[in-house]
>>> print(open('upload26.tsv').read())   # TSV, C-alpha atoms
chain	number	residue	atom	x	y	z
A	943	MET	CA	1.44	11.45	7.26
A	944	ARG	CA	2.50	11.53	10.90
A	945	VAL	CA	-0.04	10.58	13.55
A	946	ASP	CA	0.53	11.88	17.05
A	947	LEU	CA	-0.17	8.79	19.11
A	948	ASP	CA	-0.44	10.91	22.25
A	949	SER	CA	-3.39	12.70	20.68
A	950	LEU	CA	-4.87	9.42	19.57
A	951	ALA	CA	-4.36	8.00	23.05
A	952	SER	CA	-6.43	10.84	24.43
A	953	PHE	CA	-9.05	10.18	21.79
A	954	SER	CA	-8.97	6.47	22.64
A	955	HIS	CA	-9.55	7.24	26.31
A	956	THR	CA	-12.73	9.01	25.27
A	957	GLY	CA	-13.87	5.68	23.87
A	958	ALA	CA	-12.85	3.87	27.06
A	959	GLU	CA	-14.78	6.34	29.16
A	960	GLY	CA	-17.75	5.89	26.84
A	961	GLY	CA	-17.68	2.14	27.42
A	962	GLN	CA	-17.72	2.64	31.17
A	963	ARG	CA	-20.53	5.20	30.88
A	964	ALA	CA	-22.50	2.61	28.92
A	965	ALA	CA	-21.92	0.00	31.63
A	966	ASP	CA	-22.97	2.44	34.35
A	967	ALA	CA	-26.17	3.23	32.46
A	968	LEU	CA	-26.96	-0.48	32.12
A	969	GLU	CA	-26.40	-1.02	35.84
A	970	THR	CA	-28.83	1.80	36.62
A	971	LEU	CA	-31.47	0.18	34.39
A	972	THR	CA	-31.15	-3.40	35.63
A	973	GLY	CA	-29.96	-2.96	39.21
A	974	VAL	CA	-27.29	-5.60	38.50
A	975	PRO	CA	-23.61	-4.58	38.79
A	976	ALA	CA	-22.26	-4.05	35.27
A	977	HIS	CA	-18.70	-3.74	34.03
A	978	CYS	CA	-16.84	-2.96	30.85
A	979	GLU	CA	-14.65	-6.00	30.13
A	980	ILE	CA	-12.70	-4.44	27.28
A	981	SER	CA	-12.62	-1.11	25.55
A	982	ARG	CA	-10.52	-0.37	22.50
A	983	THR	CA	-10.37	2.03	19.60
A	984	THR	CA	-9.62	0.12	16.41
A	985	LEU	CA	-8.61	0.97	12.88
A	986	VAL	CA	-9.72	-1.84	10.61
A	987	ASP	CA	-9.82	-2.44	6.89
A	988	ALA	CA	-13.38	-2.47	5.56
A	989	ASP	CA	-13.04	-6.15	4.62
A	990	GLY	CA	-12.47	-7.00	8.28
A	991	LEU	CA	-15.10	-4.74	9.74
A	992	ALA	CA	-17.75	-7.44	10.00
A	993	ALA	CA	-15.68	-9.20	12.67
A	994	PHE	CA	-16.43	-6.30	15.04
A	995	LEU	CA	-20.16	-6.36	14.47
A	996	GLY	CA	-20.86	-9.54	16.40
A	997	ASP	CA	-22.68	-12.66	15.26
A	998	ALA	CA	-25.31	-13.08	17.96
A	999	ALA	CA	-28.86	-13.84	16.89
A	1000	THR	CA	-30.08	-10.55	18.36
A	1001	ARG	CA	-28.41	-7.41	17.08
A	1002	ILE	CA	-29.80	-3.90	17.38
A	1003	ALA	CA	-28.52	-0.72	15.75
A	1004	VAL	CA	-29.02	2.74	17.21
A	1005	PRO	CA	-28.37	5.63	14.79
A	1006	PHE	CA	-27.28	9.02	16.08
A	1007	ASP	CA	-26.99	12.37	14.33
A	1008	GLY	CA	-26.04	15.98	14.94
A	1009	ALA	CA	-22.57	17.21	15.85
A	1010	LEU	CA	-21.36	13.65	15.23
A	1011	ALA	CA	-23.30	11.08	13.26
A	1012	GLY	CA	-23.10	7.33	12.92
A	1013	HIS	CA	-24.60	4.32	14.62
A	1014	ALA	CA	-23.97	1.94	17.47
A	1015	LEU	CA	-24.46	-1.78	17.15
A	1016	VAL	CA	-25.25	-3.98	20.14
A	1017	SER	CA	-24.89	-7.74	19.71
A	1018	PHE	CA	-26.53	-9.65	22.59
A	1019	GLU	CA	-25.41	-13.13	23.64
A	1020	LYS	CA	-28.35	-15.27	24.76
A	1021	PRO	CA	-27.60	-15.54	28.53
A	1022	PHE	CA	-27.04	-11.81	28.72
A	1023	ALA	CA	-30.26	-11.02	26.84
A	1024	ALA	CA	-32.28	-13.41	29.02
A	1025	ARG	CA	-31.00	-11.86	32.26
A	1026	VAL	CA	-31.70	-8.32	31.06
A	1027	ALA	CA	-35.25	-9.30	30.08
A	1028	GLU	CA	-35.75	-10.91	33.49
A	1029	GLU	CA	-34.34	-8.06	35.58
A	1030	THR	CA	-36.26	-5.33	33.76
A	1031	GLY	CA	-39.53	-7.25	33.50
A	1032	MET	CA	-39.79	-6.01	29.92
A	1033	GLY	CA	-39.24	-9.29	28.08
A	1034	GLY	CA	-37.97	-8.88	24.53
A	1035	ASP	CA	-38.79	-5.18	24.61
A	1036	ALA	CA	-35.87	-4.67	27.00
A	1037	LEU	CA	-33.16	-5.15	24.38
A	1038	PRO	CA	-33.94	-2.12	22.19
A	1039	GLU	CA	-34.14	-0.04	25.36
A	1040	VAL	CA	-30.76	-1.36	26.54
A	1041	ALA	CA	-29.21	-0.61	23.15
A	1042	ASN	CA	-30.59	2.92	23.34
A	1043	ILE	CA	-29.27	3.47	26.87
A	1044	LEU	CA	-25.81	2.12	26.04
A	1045	THR	CA	-25.55	4.40	23.03
A	1046	SER	CA	-26.72	7.45	24.95
A	1047	GLY	CA	-24.21	6.76	27.70
A	1048	PHE	CA	-21.37	6.43	25.19
A	1049	VAL	CA	-22.03	9.49	23.00
A	1050	ASP	CA	-22.59	11.76	26.01
A	1051	GLY	CA	-18.79	11.97	26.27
A	1052	TRP	CA	-18.50	13.20	22.70
A	1053	ALA	CA	-21.41	15.60	23.13
A	1054	GLU	CA	-19.65	17.31	26.03
A	1055	THR	CA	-16.80	18.43	23.74
A	1056	ALA	CA	-18.63	18.79	20.43
A	1057	ASP	CA	-19.99	22.02	18.98
A	1058	GLY	CA	-23.64	21.09	19.10
A	1059	THR	CA	-25.84	18.26	20.29
A	1060	ILE	CA	-25.90	14.59	19.34
A	1061	ASP	CA	-29.38	13.17	18.94
A	1062	ILE	CA	-30.21	9.50	19.47
A	1063	GLU	CA	-32.65	8.00	16.96
A	1064	PRO	CA	-34.99	5.00	17.51
A	1065	PRO	CA	-33.31	1.56	17.70
A	1066	GLU	CA	-33.76	-0.81	14.79
A	1067	ALA	CA	-33.20	-4.55	14.37
A	1068	VAL	CA	-30.27	-5.64	12.20
A	1069	THR	CA	-30.44	-8.60	9.85
A	1070	ALA	CA	-27.48	-7.90	7.52
A	1071	ASP	CA	-24.10	-6.20	7.85
A	1072	ASP	CA	-24.33	-4.35	4.52
A	1073	SER	CA	-26.45	-1.57	5.97
A	1074	LEU	CA	-23.85	-0.91	8.67
A	1075	VAL	CA	-20.58	-0.71	6.78
A	1076	GLY	CA	-21.41	1.51	3.83
A	1077	ASP	CA	-20.69	4.94	5.27
A	1078	VAL	CA	-18.06	4.46	7.96
A	1079	ALA	CA	-14.77	4.39	6.03
A	1080	ILE	CA	-12.55	7.38	6.78
A	1081	ALA	CA	-10.04	6.84	3.96
A	1082	ASP	CA	-8.91	4.04	1.63
A	1083	GLY	CA	-11.42	1.63	3.11
A	1084	ALA	CA	-10.22	2.01	6.71
A	1085	ALA	CA	-12.82	2.46	9.43
A	1086	PHE	CA	-12.79	3.53	13.05
A	1087	VAL	CA	-14.56	1.27	15.53
A	1088	PHE	CA	-15.00	2.02	19.23
A	1089	GLU	CA	-15.60	-1.40	20.75
A	1090	SER	CA	-16.64	-2.28	24.27
A	1091	ARG	CA	-17.80	-5.53	25.80
A	1092	ILE	CA	-20.27	-5.09	28.62
A	1093	GLY	CA	-20.92	-7.76	31.23
A	1094	LEU	CA	-23.31	-8.21	34.15
A	1095	ALA	CA	-22.27	-9.72	37.48
A	1096	GLY	CA	-23.09	-13.42	37.70
A	1097	VAL	CA	-24.16	-13.64	34.05
A	1098	GLU	CA	-22.44	-15.74	31.42
A	1099	GLY	CA	-21.96	-13.95	28.12
A	1100	THR	CA	-21.75	-10.28	27.30
A	1101	CYS	CA	-23.13	-7.75	24.92
A	1102	ARG	CA	-20.73	-6.53	22.27
A	1103	PHE	CA	-21.11	-2.81	21.83
A	1104	ALA	CA	-19.53	-1.17	18.77
A	1105	VAL	CA	-19.81	2.50	17.84
A	1106	LEU	CA	-19.15	3.33	14.20
A	1107	PRO	CA	-19.01	7.05	13.40
A	1108	ALA	CA	-20.11	8.12	9.92
A	1109	ALA	CA	-17.15	9.03	7.73
A	1110	GLU	CA	-17.95	12.58	6.65
A	1111	GLN	CA	-18.88	13.88	10.11
A	1112	PHE	CA	-16.04	12.01	11.76
A	1113	VAL	CA	-13.47	13.49	9.38
A	1114	ASP	CA	-14.84	16.93	10.23
A	1115	TYR	CA	-14.57	16.04	13.91
A	1116	LEU	CA	-10.94	15.07	13.42
A	1117	ALA	CA	-10.15	18.20	11.42
A	1118	ASP	CA	-9.59	20.18	14.60
A	1119	ASP	CA	-6.43	18.13	15.22
A	1120	ASP	CA	-3.90	17.98	12.37
A	1121	SER	CA	-2.22	15.00	14.03
A	1122	LEU	CA	-5.27	12.82	13.28
A	1123	SER	CA	-5.61	13.13	9.51
A	1124	PRO	CA	-7.76	10.43	7.86
A	1125	ASP	CA	-5.06	9.46	5.34
A	1126	ALA	CA	-2.48	8.99	8.07
A	1127	LEU	CA	-4.88	6.94	10.15
A	1128	ALA	CA	-5.74	4.75	7.16
A	1129	SER	CA	-2.06	3.92	6.77
A	1130	TYR	CA	-2.13	2.10	10.11
A	1131	ALA	CA	-4.82	-0.24	8.80
A	1132	GLN	CA	-2.53	-0.97	5.84
A	1133	LEU	CA	0.34	-1.69	8.22
A	1134	THR	CA	-1.72	-4.38	9.94
A	1135	ALA	CA	-2.84	-5.85	6.61
A	1136	HIS	CA	0.80	-6.18	5.44
A	1137	SER	CA	1.79	-7.73	8.77
A	1138	ALA	CA	-1.10	-10.21	8.67
A	1139	ASP	CA	-0.14	-11.27	5.15
A	1140	ALA	CA	3.44	-11.83	6.32
A	1141	VAL	CA	2.16	-14.01	9.17
A	1142	ALA	CA	0.01	-16.09	6.83
A	1143	ASP	CA	2.82	-16.55	4.28
A	1144	HIS	CA	5.34	-17.64	6.89
A	1145	LEU	CA	2.95	-20.04	8.61
A	1146	GLY	CA	2.00	-21.54	5.27
A	1147	ALA	CA	5.62	-21.95	4.17
A	1148	MET	CA	6.72	-23.64	7.36
A	1149	THR	CA	3.72	-25.90	8.01
A	1150	GLY	CA	2.60	-26.74	4.50
A	1151	ILE	CA	-0.91	-25.61	5.45
A	1152	ASP	CA	-2.69	-22.95	3.40
A	1153	PRO	CA	-3.83	-20.55	6.15
A	1154	ASP	CA	-6.59	-17.95	6.16
A	1155	VAL	CA	-6.23	-14.42	7.54
A	1156	VAL	CA	-9.20	-14.12	9.85
A	1157	GLU	CA	-8.73	-10.63	11.26
A	1158	SER	CA	-6.23	-7.80	11.18
A	1159	HIS	CA	-6.57	-4.43	12.85
A	1160	PHE	CA	-4.60	-1.70	14.60
A	1161	ASP	CA	-5.80	-1.23	18.17
A	1162	PHE	CA	-5.35	1.60	20.67
A	1163	VAL	CA	-5.98	0.07	24.07
A	1164	PRO	CA	-5.76	1.50	27.60
A	1165	VAL	CA	-2.75	-0.24	29.10
A	1166	GLU	CA	-4.82	-1.82	31.87
A	1167	ASP	CA	-7.01	-3.49	29.21
A	1168	VAL	CA	-4.13	-5.10	27.29
A	1169	PRO	CA	-4.62	-8.55	28.92
A	1170	SER	CA	-8.26	-8.48	27.79
A	1171	LEU	CA	-7.18	-8.64	24.15
A	1172	LEU	CA	-6.94	-12.40	24.69
A	1173	ASP	CA	-9.36	-14.67	26.50
A	1174	ASP	CA	-8.43	-17.06	29.29
A	1175	ALA	CA	-8.09	-20.05	26.97
A	1176	ALA	CA	-4.77	-21.90	26.84
A	1177	TYR	CA	-2.22	-20.54	24.38
A	1178	GLU	CA	1.16	-21.91	23.40
A	1179	GLY	CA	3.75	-19.89	21.58
A	1180	ALA	CA	6.69	-17.56	21.98
A	1181	VAL	CA	7.32	-13.96	22.99
A	1182	PHE	CA	10.07	-11.84	21.45
A	1183	GLU	CA	11.62	-8.42	21.78
A	1184	SER	CA	13.10	-6.51	18.87
A	1185	ASP	CA	16.01	-4.11	18.81
A	1186	GLY	CA	16.60	-1.43	16.18
A	1187	PRO	CA	14.68	1.56	14.94
A	1188	VAL	CA	11.53	0.08	16.50
A	1189	ASN	CA	11.63	-1.63	19.89
A	1190	THR	CA	8.73	-4.05	19.97
A	1191	VAL	CA	7.35	-6.80	22.15
A	1192	LEU	CA	5.82	-9.39	19.84
A	1193	ALA	CA	3.78	-12.43	20.88
A	1194	VAL	CA	3.13	-15.31	18.47
A	1195	LEU	CA	0.53	-17.52	20.15
A	1196	PHE	CA	-1.38	-20.61	19.08
A	1197	ASP	CA	-4.87	-21.24	20.43
A	1198	GLN	CA	-5.59	-24.96	20.26
A	1199	SER	CA	-9.19	-26.09	20.34
A	1200	GLU	CA	-8.02	-29.72	20.63
A	1201	PRO	CA	-5.19	-30.80	22.97
A	1202	GLY	CA	-2.04	-31.59	21.00
A	1203	ALA	CA	-3.30	-29.89	17.83
A	1204	VAL	CA	-0.40	-27.45	17.71
A	1205	ALA	CA	2.20	-30.21	17.98
A	1206	ASP	CA	0.35	-32.31	15.38
A	1207	ALA	CA	0.35	-29.39	12.93
A	1208	LEU	CA	4.02	-28.60	13.39
A	1209	VAL	CA	5.52	-32.06	13.96
A	1210	PRO	CA	3.51	-34.61	11.99
A	1211	ALA	CA	3.99	-37.78	14.00
A	1212	GLU	CA	1.78	-40.23	15.81
A	1213	ASP	CA	3.06	-39.12	19.21
A	1214	PRO	CA	5.41	-36.11	18.87
A	1215	ASP	CA	8.05	-35.72	21.55
A	1216	ALA	CA	7.14	-32.85	23.92
A	1217	ALA	CA	10.58	-31.22	23.70
A	1218	LEU	CA	10.55	-31.44	19.91
A	1219	ALA	CA	7.07	-29.96	19.77
A	1220	GLU	CA	8.11	-27.07	22.03
A	1221	SER	CA	11.15	-26.42	19.88
A	1222	ALA	CA	9.00	-26.43	16.74
A	1223	VAL	CA	6.59	-23.91	18.30
A	1224	ALA	CA	9.49	-21.62	19.24
A	1225	GLU	CA	11.04	-21.92	15.78
A	1226	LEU	CA	7.76	-21.22	14.02
A	1227	GLY	CA	7.23	-18.23	16.27
A	1228	ASN	CA	10.74	-17.02	15.49
A	1229	VAL	CA	10.23	-17.27	11.73
A	1230	THR	CA	6.84	-15.60	11.94
A	1231	ALA	CA	8.04	-12.75	14.17
A	1232	SER	CA	11.06	-12.19	11.94
A	1233	GLY	CA	8.80	-12.06	8.90
A	1234	VAL	CA	6.64	-9.32	10.39
A	1235	LEU	CA	9.65	-7.29	11.47
A	1236	ASP	CA	11.42	-7.84	8.14
A	1237	GLY	CA	8.51	-6.17	6.41
A	1238	TRP	CA	8.80	-3.19	8.73
A	1239	ALA	CA	12.58	-3.05	8.29
A	1240	ASN	CA	12.29	-3.14	4.51
A	1241	ALA	CA	10.01	-0.13	4.65
A	1242	LEU	CA	12.81	1.76	6.40
A	1243	ASP	CA	15.63	0.17	4.37
A	1244	THR	CA	17.27	-1.03	7.56
A	1245	THR	CA	17.35	-4.09	9.83
A	1246	ILE	CA	15.45	-4.98	12.99
A	1247	ASP	CA	16.93	-7.69	15.20
A	1248	VAL	CA	14.77	-10.10	17.14
A	1249	SER	CA	15.60	-11.75	20.46
A	1250	ILE	CA	15.81	-15.45	21.26
A	1251	PRO	CA	12.21	-16.70	21.73
A	1252	SER	CA	10.77	-17.17	25.20
A	1253	HIS	CA	8.44	-20.18	25.08
A	1254	VAL	CA	5.09	-19.63	26.80
A	1255	HIS	CA	2.21	-21.98	27.58
A	1256	ASP	CA	-0.43	-20.22	29.66
A	1257	ASP	CA	-3.83	-18.61	29.45
A	1258	GLY	CA	-3.91	-15.62	27.13
A	1259	ARG	CA	-4.53	-12.97	29.75
A	1260	ALA	CA	-1.57	-14.16	31.82
A	1261	VAL	CA	0.74	-13.94	28.80
A	1262	LEU	CA	-0.25	-10.32	28.13
A	1263	ASP	CA	-0.13	-9.32	31.80
A	1264	THR	CA	3.63	-9.00	31.52
A	1265	VAL	CA	3.31	-6.78	28.45
A	1266	ALA	CA	0.87	-4.50	30.25
A	1267	ALA	CA	3.20	-4.25	33.23
A	1268	ALA	CA	6.15	-3.30	31.03
A	1269	TYR	CA	4.30	-0.66	29.02
A	1270	GLY	CA	2.44	0.76	31.97
A	1271	ARG	CA	5.64	2.53	32.98
A	1272	HIS	CA	5.74	4.47	29.71
A	1273	ALA	CA	2.21	5.20	28.49
A	1274	ASP	CA	-1.48	5.17	29.37
A	1275	THR	CA	-2.48	3.71	25.99
A	1276	VAL	CA	-0.74	1.03	23.92
A	1277	ALA	CA	-0.83	0.65	20.13
A	1278	VAL	CA	-1.19	-2.97	19.00
A	1279	VAL	CA	-0.69	-4.52	15.57
A	1280	ASP	CA	-3.15	-7.39	15.88
A	1281	ALA	CA	-3.54	-10.29	13.43
A	1282	THR	CA	-5.37	-13.61	13.63
A	1283	VAL	CA	-4.62	-16.42	11.17
A	1284	ALA	CA	-6.35	-19.82	11.05
A	1285	LEU	CA	-4.08	-22.74	10.21
A	1286	ASN	CA	-6.92	-25.25	10.26
A	1287	ASP	CA	-10.04	-26.01	12.28
A	1288	GLU	CA	-8.01	-26.90	15.38
A	1289	VAL	CA	-5.23	-24.30	15.40
A	1290	THR	CA	-5.41	-20.51	15.23
A	1291	CYS	CA	-2.39	-18.23	15.44
A	1292	ARG	CA	-2.70	-14.85	17.13
A	1293	VAL	CA	0.09	-12.33	16.60
A	1294	CYS	CA	0.15	-9.18	18.75
A	1295	ALA	CA	2.95	-6.66	18.24
A	1296	PHE	CA	3.38	-3.84	20.75
A	1297	PRO	CA	5.72	-1.14	19.38
A	1298	SER	CA	7.26	1.04	22.07
A	1299	PRO	CA	5.35	4.32	22.53
A	1300	GLU	CA	8.73	6.05	22.30
A	1301	ASP	CA	9.02	4.87	18.67
A	1302	ALA	CA	5.68	6.27	17.51
A	1303	ASP	CA	7.27	8.44	14.81
A	1304	THR	CA	9.08	5.45	13.33
A	1305	VAL	CA	5.91	3.35	13.31
A	1306	ALA	CA	4.15	6.19	11.49
A	1307	GLU	CA	6.94	6.22	8.89
A	1308	ILE	CA	6.64	2.46	8.37
A	1309	ALA	CA	2.87	2.73	8.03
A	1310	ALA	CA	3.18	5.52	5.47
A	1311	GLU	CA	5.71	3.58	3.39
A	1312	LEU	CA	3.69	0.36	3.39
A	1313	SER	CA	0.46	2.23	2.66
A	1314	ALA	CA	2.09	3.93	-0.33
A	1315	GLY	CA	3.15	0.55	-1.68
A	1316	ASP	CA	6.83	1.51	-1.67
A	1317	ALA	CA	7.86	-1.51	0.37
A	1318	ASP	CA	6.62	-5.07	0.41
A	1319	PRO	CA	7.69	-7.67	2.95
A	1320	ASP	CA	10.42	-10.03	1.75
A	1321	PHE	CA	9.87	-13.59	2.84
A	1322	PRO	CA	12.55	-16.17	3.67
A	1323	PRO	CA	12.94	-19.44	1.78
A	1324	ALA	CA	10.21	-22.05	2.10
A	1325	TYR	CA	10.21	-24.40	5.05
A	1326	ASP	CA	9.21	-28.03	5.19
A	1327	THR	CA	6.50	-29.30	7.48
A	1328	GLY	CA	8.96	-30.73	9.97
A	1329	GLY	CA	10.05	-27.31	11.20
A	1330	GLU	CA	13.55	-27.49	9.71
A	1331	GLN	CA	14.76	-24.88	7.23
A	1332	SER	CA	15.28	-26.45	3.83
>>> encode(input="upload26.tsv", output="structure tokens")
Amino acid sequence: MRVDLDSLASFSHTGAEGGQRAADALETLTGVPAHCEISRTTLVDADGLAAFLGDAATRIAVPFDGALAGHALVSFEKPFAARVAEETGMGGDALPEVANILTSGFVDGWAETADGTIDIEPPEAVTADDSLVGDVAIADGAAFVFESRIGLAGVEGTCRFAVLPAAEQFVDYLADDDSLSPDALASYAQLTAHSADAVADHLGAMTGIDPDVVESHFDFVPVEDVPSLLDDAAYEGAVFESDGPVNTVLAVLFDQSEPGAVADALVPAEDPDAALAESAVAELGNVTASGVLDGWANALDTTIDVSIPSHVHDDGRAVLDTVAAAYGRHADTVAVVDATVALNDEVTCRVCAFPSPEDADTVAEIAAELSAGDADPDFPPAYDTGGEQS
């Protein structure tokens, strides 16, 4: 069940190059400088796949077939769509053409290494997700998504560009590399699902709020794109490092849509003291991080120690800049266990765990054990809503 993350890193870079090819093709069409804001290769459970398909009013699918089959989905935000229509002089007819050009630019990279051609089929409007998710699972409900977000200079909004290879052809494509077996890859999606459940259980126990798991996925991201996993909104939380069989940097961050919402959720009081609120955030982060790592440790029948929390309150990209700098010395691509949990309408918790590339074999072992159901996370005793252990 081992997955060679070096091989997957190379495969992920193909996706990153495809995103940049797509941006270059768009720039040629519109004459406006275009850029790829983020590019990542993601393993996601089928239940969470819809989160990668965008929710813009205008979505266009472009099927492709041949040496590799599947479809791309382009979700256009309104300002982006309006600018494209204006620059091309094509009105609404521009968007299917853009979707076609983006897809062609992306799959050209695959076509260069595939045995045979990849043919682009006519674009089609999308009104429901069901038609997109039925044939993309590679094993046990896990799917590969190659996601890019393309922007135009001076334009608010982006287009979200997701490529979903069809399962049967993609498995055949992977068959040339034993280190990328579908079953092994699917185990990484299970690892993120277990970790997300641990996050939700710990947050619920400590805050008294019944949280919802919004997203969980296992990302392979070029190290320079790591900061782009978060937006530039303000986050408060804590960053940890683990020591043991897996060395991991783990960030537990709360995105507050309303000022003071995090403190209100953790320290129910009319006007919570700032120092007390900061302490509660750090303690909640500590319990949550320990819960994730406890699940991993149980899979190995060992222990993983976690450092004293470092409190952070900054925009998301700045928080992850330090992670990118640290990992850039060791690898071109970083694996990320990524979970998002909603506490309520005002507070969302984002947990990003970055296992050291040097511990890839151990992460694969944990994923295999959790996927097989041989180990379930053990959770600590319940916590009251005041942030003190009962």
>>> atom_distance(input="upload26.tsv", atom1="atom CA of Leu1094 of chain A", atom2="atom CA of Ala967 of chain A")
11.9 Å
>>> residues_around(input="upload26.tsv", residues="Ile1062 of chain A", least_positions_apart="5", cutoff="8 Å", atoms="only C-alpha atoms", output="number ranges by chain")
A: 1004-1007, 1042, 1045-1046
>>> write_last_selection(input="upload26.tsv", atoms="C-alpha atoms", output="PDB file, in the frame of the given file")
ATOM      1  CA  VAL A1004     -29.020   2.740  17.210  1.00  0.00           C
ATOM      2  CA  PRO A1005     -28.370   5.630  14.790  1.00  0.00           C
ATOM      3  CA  PHE A1006     -27.280   9.020  16.080  1.00  0.00           C
ATOM      4  CA  ASP A1007     -26.990  12.370  14.330  1.00  0.00           C
ATOM      5  CA  ASN A1042     -30.590   2.920  23.340  1.00  0.00           C
ATOM      6  CA  THR A1045     -25.550   4.400  23.030  1.00  0.00           C
ATOM      7  CA  SER A1046     -26.720   7.450  24.950  1.00  0.00           C
TER       8      SER A1046
END
>>> residues_near_point(input="upload26.tsv", point="(-5.8, 1.8, 29.4)", cutoff="10 Å", atoms="all atoms listed in the file", output="list in words")
Ala951, Ser954, His955, Ala958, Ile980, Ser981, Arg982, Phe1162, Val1163, Pro1164, Val1165, Glu1166, Asp1167, Val1168, Ala1266, Gly1270, Ala1273, Asp1274, Thr1275 and Val1276 of chain A
>>> write_last_selection(input="upload26.tsv", atoms="C-alpha atoms", output="mmCIF file, keeping the file's coordinate frame")
data_model
loop_
_atom_site.group_PDB
_atom_site.id
_atom_site.type_symbol
_atom_site.label_atom_id
_atom_site.label_comp_id
_atom_site.auth_asym_id
_atom_site.auth_seq_id
_atom_site.Cartn_x
_atom_site.Cartn_y
_atom_site.Cartn_z
ATOM 1 C CA ALA A 951 -4.360 8.000 23.050
ATOM 2 C CA SER A 954 -8.970 6.470 22.640
ATOM 3 C CA HIS A 955 -9.550 7.240 26.310
ATOM 4 C CA ALA A 958 -12.850 3.870 27.060
ATOM 5 C CA ILE A 980 -12.700 -4.440 27.280
ATOM 6 C CA SER A 981 -12.620 -1.110 25.550
ATOM 7 C CA ARG A 982 -10.520 -0.370 22.500
ATOM 8 C CA PHE A 1162 -5.350 1.600 20.670
ATOM 9 C CA VAL A 1163 -5.980 0.070 24.070
ATOM 10 C CA PRO A 1164 -5.760 1.500 27.600
ATOM 11 C CA VAL A 1165 -2.750 -0.240 29.100
ATOM 12 C CA GLU A 1166 -4.820 -1.820 31.870
ATOM 13 C CA ASP A 1167 -7.010 -3.490 29.210
ATOM 14 C CA VAL A 1168 -4.130 -5.100 27.290
ATOM 15 C CA ALA A 1266 0.870 -4.500 30.250
ATOM 16 C CA GLY A 1270 2.440 0.760 31.970
ATOM 17 C CA ALA A 1273 2.210 5.200 28.490
ATOM 18 C CA ASP A 1274 -1.480 5.170 29.370
ATOM 19 C CA THR A 1275 -2.480 3.710 25.990
ATOM 20 C CA VAL A 1276 -0.740 1.030 23.920
#
>>> closest_residue(input="upload26.tsv", among="A:Thr1304, A:Thr1244, A:Ser1158, A:Ser1129", to="Ala993 of chain A", atoms="all atoms listed in the file")
A:Ser1158
>>> atom_distance(input="upload26.tsv", atom1="atom CA of Ser1221 of chain A", atom2="atom CA of His1253 of chain A")
8.6 Å
>>> closest_residue(input="upload26.tsv", among="A:Ala1095, A:Ala1231, A:Ala1310, A:Val1049", to="Ala1142 of chain A", atoms="all atoms listed in the file")
A:Ala1231
>>> closest_residue(input="upload26.tsv", among="A:Lys1020, A:His1013, A:Arg1292, A:His977", to="Val1156 of chain A", atoms="only C-alpha atoms")
A:Arg1292
>>> closest_residue(input="upload26.tsv", among="A:Ala1041, A:Leu1242, A:Val1155, A:Val1141", to="Val1293 of chain A", atoms="all atoms listed in the file")
A:Val1141
>>> axis_aligned_box(input="upload26.tsv", around="segment 1084-1103 of chain A", padding_each_side="5 Å", output="AutoDock Vina command-line options")
--center_x -17.2 --center_y -6.1 --center_z 22.2 --size_x 23.9 --size_y 29.3 --size_z 41.0
>>> closest_residue(input="upload26.tsv", among="A:Ala964, A:Val1204, A:Val986, A:Ala1306", to="His1159 of chain A", atoms="only C-alpha atoms")
A:Val986
>>> atom_distance(input="upload26.tsv", atom1="atom CA of Gly1033 of chain A", atom2="atom CA of Ala1014 of chain A")
21.7 Å
>>> closest_residue(input="upload26.tsv", among="A:Phe1160, A:Ser1249, A:Thr1230, A:Asn1189", to="Met1148 of chain A", atoms="all atoms listed in the file")
A:Thr1230
>>> residues_near_point(input="upload26.tsv", point="(1.1, -18.1, 22.3)", cutoff="10 Å", atoms="only C-alpha atoms", output="list in words")
Ala1176, Tyr1177, Glu1178, Gly1179, Ala1180, Val1181, Ala1193, Val1194, Leu1195, Phe1196, Asp1197, Gln1198, Val1223, Ala1224, Gly1227, His1253, Val1254, His1255, Asp1256, Asp1257, Gly1258, Val1261, Leu1262, Thr1290, Cys1291, Arg1292, Val1293 and Cys1294 of chain A
>>> write_last_selection(input="upload26.tsv", atoms="C-alpha atoms", output="CSV table (one decimal), keeping the file's coordinate frame")
chain,number,residue,atom,x,y,z
A,1176,ALA,CA,-4.8,-21.9,26.8
A,1177,TYR,CA,-2.2,-20.5,24.4
A,1178,GLU,CA,1.2,-21.9,23.4
A,1179,GLY,CA,3.8,-19.9,21.6
A,1180,ALA,CA,6.7,-17.6,22.0
A,1181,VAL,CA,7.3,-14.0,23.0
A,1193,ALA,CA,3.8,-12.4,20.9
A,1194,VAL,CA,3.1,-15.3,18.5
A,1195,LEU,CA,0.5,-17.5,20.2
A,1196,PHE,CA,-1.4,-20.6,19.1
A,1197,ASP,CA,-4.9,-21.2,20.4
A,1198,GLN,CA,-5.6,-25.0,20.3
A,1223,VAL,CA,6.6,-23.9,18.3
A,1224,ALA,CA,9.5,-21.6,19.2
A,1227,GLY,CA,7.2,-18.2,16.3
A,1253,HIS,CA,8.4,-20.2,25.1
A,1254,VAL,CA,5.1,-19.6,26.8
A,1255,HIS,CA,2.2,-22.0,27.6
A,1256,ASP,CA,-0.4,-20.2,29.7
A,1257,ASP,CA,-3.8,-18.6,29.4
A,1258,GLY,CA,-3.9,-15.6,27.1
A,1261,VAL,CA,0.7,-13.9,28.8
A,1262,LEU,CA,-0.2,-10.3,28.1
A,1290,THR,CA,-5.4,-20.5,15.2
A,1291,CYS,CA,-2.4,-18.2,15.4
A,1292,ARG,CA,-2.7,-14.8,17.1
A,1293,VAL,CA,0.1,-12.3,16.6
A,1294,CYS,CA,0.2,-9.2,18.8
